[in-house]
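Comments concern the structure below.
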Amino acid sequence: MDLVITSLAERPDLDSWLDDFANTWPVFMQKDPMSGVYYGVAGLHYPEHVLVAYDRDHPERLIAKAHSVPFRWTEDVLPPGGWDRVIQRASVGRANGEEPNMASALEINIQVDMRGTGLSAVMLGAMRDNARALGFDTLVAPVRPNGKPAHPEVPMGEYAGWTREDGLPVDPWLRVHVRAGGVIEAVAVRSMTIAGTLAEWRSWTGLPFDRTGQVLVPDALVPVHCDVEHDHAVYVEPNVWVRHKT
């Protein structure tokens with residue numbers, strides 16, 4: 001495969017192709033309120049931070065994409081608000097004319113039929129190279145460990161510390177980051193917060209949500225808290241902060 005990776009700044013005509021990129025995220029994950037704050041304007045405000053990949057010999061569709069965002073952060077510790085906080089800081093900072101000093105990864109996604117081919121590592125490398133080309137010496141990532149749904153009741157700090165005999169993380173996606181030179185730095189304890197009525201959660205998951213307490217939802221990293229009396233359920237997803245020097 002002759003892979004071409006470019007940005008929307010270089011190929012704005014590919015922006016519309018992103019609409020046809022299959023959304024394989026669980027339905028409830030698509031309900032994060034901060035999502036639209038970024039994705040609704042990514043092609044307009046951050047085109048140089050949106051990378052797309054296609055096969056030069058078969059350019060009829062995108063096979064991978066990578067989203068990042070520039071933001072300003074001067075504290076020593078990365079924000080516990082993770083993914084949501086980064087989008088908020090980027091949006092407010094842009095409105096206030098702040099000069100960003102680092103970039104944050106937001107998403108790397110591969111077409112289903114191309115997964116398992118190593119493209120995720122390739123796109124991560126391209127994202128890091130792109131951040132360097134844009135003048136940033138740091139790329140951070142609020143990583144969503146893809147093996148964590150199998151262990152929803154294990155605290156994220158404990159899970160992130162699990163390693164194999166070779167010292168690399170047990171989690172496959174964390175392992176990709178560490179192999180690429182990333183350093184696990186902290187847990188973003190409330191990286192994404194998704195709240196909804198019980199009717200909404202039933203429609204998103206197909207689960208009854210009829211008892212107050214913790215609900216194990218497929219593909220969730222931690223349990224969802226259900227409150228029947230007050231007719232709502234809340235999912236607070238932790239992620240793992242990884243820092244890359246570009």
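Letters A, B, ... go to the chains of the structure tokens in the order shown; residues in each chain start at 1; ligands are counted from 1 in the same order.
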
### Query
Could you name the residues that touch Pro169 of chain A at 12 Å or less, counting only C-alpha atoms, but leaving out those on the same chain fewer than 4 positions away, as an MDAnalysis selection string?
chainID A and resid 145:148 158:165 173:179 182:184

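The residue set within 9 Å of segment 224-232 of chain A, counting only C-alpha atoms and dropping same-chain residues fewer than 2 places from it, reads Ala195, Gly196, Thr197, Leu198, Ala199, Glu200, Trp201, Phe209, Asp210, Arg211, Thr212, Gly213, Gln214, Val215, Leu216, Val217, Ala220, Val222, Val234, Tyr235 and Val236 of chain A.
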
> Can you tell me how far atom CA of Glu48 of chain A sits from atom CA of Met29 of chain A, in Å to one decimal?
Replying inline: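 Result for atom CA of Glu48 of chain A versus atom CA of Met29 of chain A: 25.1 Å, one decimal.
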
inquiry  = Quick one: residues within 12 Å of segment 243-245 of chain A, only C-alpha atoms, excluding same-chain residues fewer than 5 positions away - as a PyMOL selection string?
reply    = chain A and resi 77-78+102-105+124-125+127-129+131-132+135-143+174+176-187

Every residue of segment 33-107 of chain A that DSSP places in strand (DSSP E), as a PyMOL selection string: chain A and resi 50-55+64-71+102-107

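The smallest atom-to-atom distance between Gln111 of chain A and any of A:Tyr54, A:Tyr38, A:Trp83, A:Phe21, using only C-alpha atoms, is found for A:Phe21.
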
Pairwise distance, atom CA of Pro155 of chain A with atom CA of Val189 of chain A, equals 9.9 Å

- How far is it from atom CA of Val50 of chain A to atom CA of Ile110 of chain A, in Å with one decimal?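 Calculated distance between atom CA of Val50 of chain A and atom CA of Ile110 of chain A is 13.9 Å.
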
Got a sec: who's within 9 Å of Met1 of chain A, counting only C-alpha atoms, leaving out chain neighbours fewer than 5 positions off, as a tab-separated table (two decimals) with C-alpha atoms, in the first residue's frame?
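Output file around-v3.tsv follows:
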chain	number	residue	atom	x	y	z
A	55	ASP	CA	-3.92	4.62	-0.45
A	56	ARG	CA	-2.47	6.46	-3.46
A	57	ASP	CA	-3.47	3.55	-5.70
A	58	HIS	CA	-7.02	3.53	-4.33

Where does DSSP see alpha helix (DSSP H) in segment 34-202 of chain A, if you list the residues as a ChimeraX atom specification?
-> /A:35-39,42-45,82-96,119-133,156-160,172-179,198-202

Find the residue from A:Ser35, A:Asn239, A:Ser203, A:Ser191 that sits nearest to Gly81 of chain A; use only C-alpha atoms when measuring.
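So, comparing all the options, the nearest one is A:Ser191.
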
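Comparing the minimum interatomic distances between Ser68 of chain A and each of A:Leu221, A:Leu51, A:Leu106, A:Val242, counting only C-alpha atoms, we find that A:Leu106 sits nearest.
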
Selection near Pro12 of chain A, 10 Å with only C-alpha atoms, sequence-local residues under 6 positions removed, as a PDB file with N, CA, C and O atoms, in the first residue's frame:
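Contents of out-v5.pdb, as written:
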ATOM      1  N   THR A   6      -1.910  13.316   4.801  1.00  0.00           N
ATOM      2  CA  THR A   6      -1.895  14.751   4.582  1.00  0.00           C
ATOM      3  C   THR A   6      -2.848  15.409   5.577  1.00  0.00           C
ATOM      4  O   THR A   6      -3.585  14.723   6.298  1.00  0.00           O
ATOM      5  N   GLY A  43     -12.439  21.368  10.836  1.00  0.00           N
ATOM      6  CA  GLY A  43     -11.968  21.677   9.496  1.00  0.00           C
ATOM      7  C   GLY A  43     -11.794  23.161   9.247  1.00  0.00           C
ATOM      8  O   GLY A  43     -10.987  23.568   8.404  1.00  0.00           O
ATOM      9  N   LEU A  44     -12.533  23.993   9.998  1.00  0.00           N
ATOM     10  CA  LEU A  44     -12.470  25.443   9.837  1.00  0.00           C
ATOM     11  C   LEU A  44     -11.357  26.061  10.683  1.00  0.00           C
ATOM     12  O   LEU A  44     -10.576  26.888  10.201  1.00  0.00           O
ATOM     13  N   PRO A  47      -7.540  22.978  10.685  1.00  0.00           N
ATOM     14  CA  PRO A  47      -7.320  22.058   9.562  1.00  0.00           C
ATOM     15  C   PRO A  47      -5.913  21.461   9.539  1.00  0.00           C
ATOM     16  O   PRO A  47      -5.728  20.321   9.099  1.00  0.00           O
ATOM     17  N   GLU A  48      -4.923  22.207  10.046  1.00  0.00           N
ATOM     18  CA  GLU A  48      -3.560  21.683  10.058  1.00  0.00           C
ATOM     19  C   GLU A  48      -3.372  20.594  11.108  1.00  0.00           C
ATOM     20  O   GLU A  48      -2.356  19.892  11.105  1.00  0.00           O
TER      21      GLU A  48
END

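Between Asn109 of chain A and the residues A:Ala150, A:Val69, A:Ile63, A:Leu134, the shortest atom-to-atom distance, using only C-alpha atoms, involves A:Ile63.
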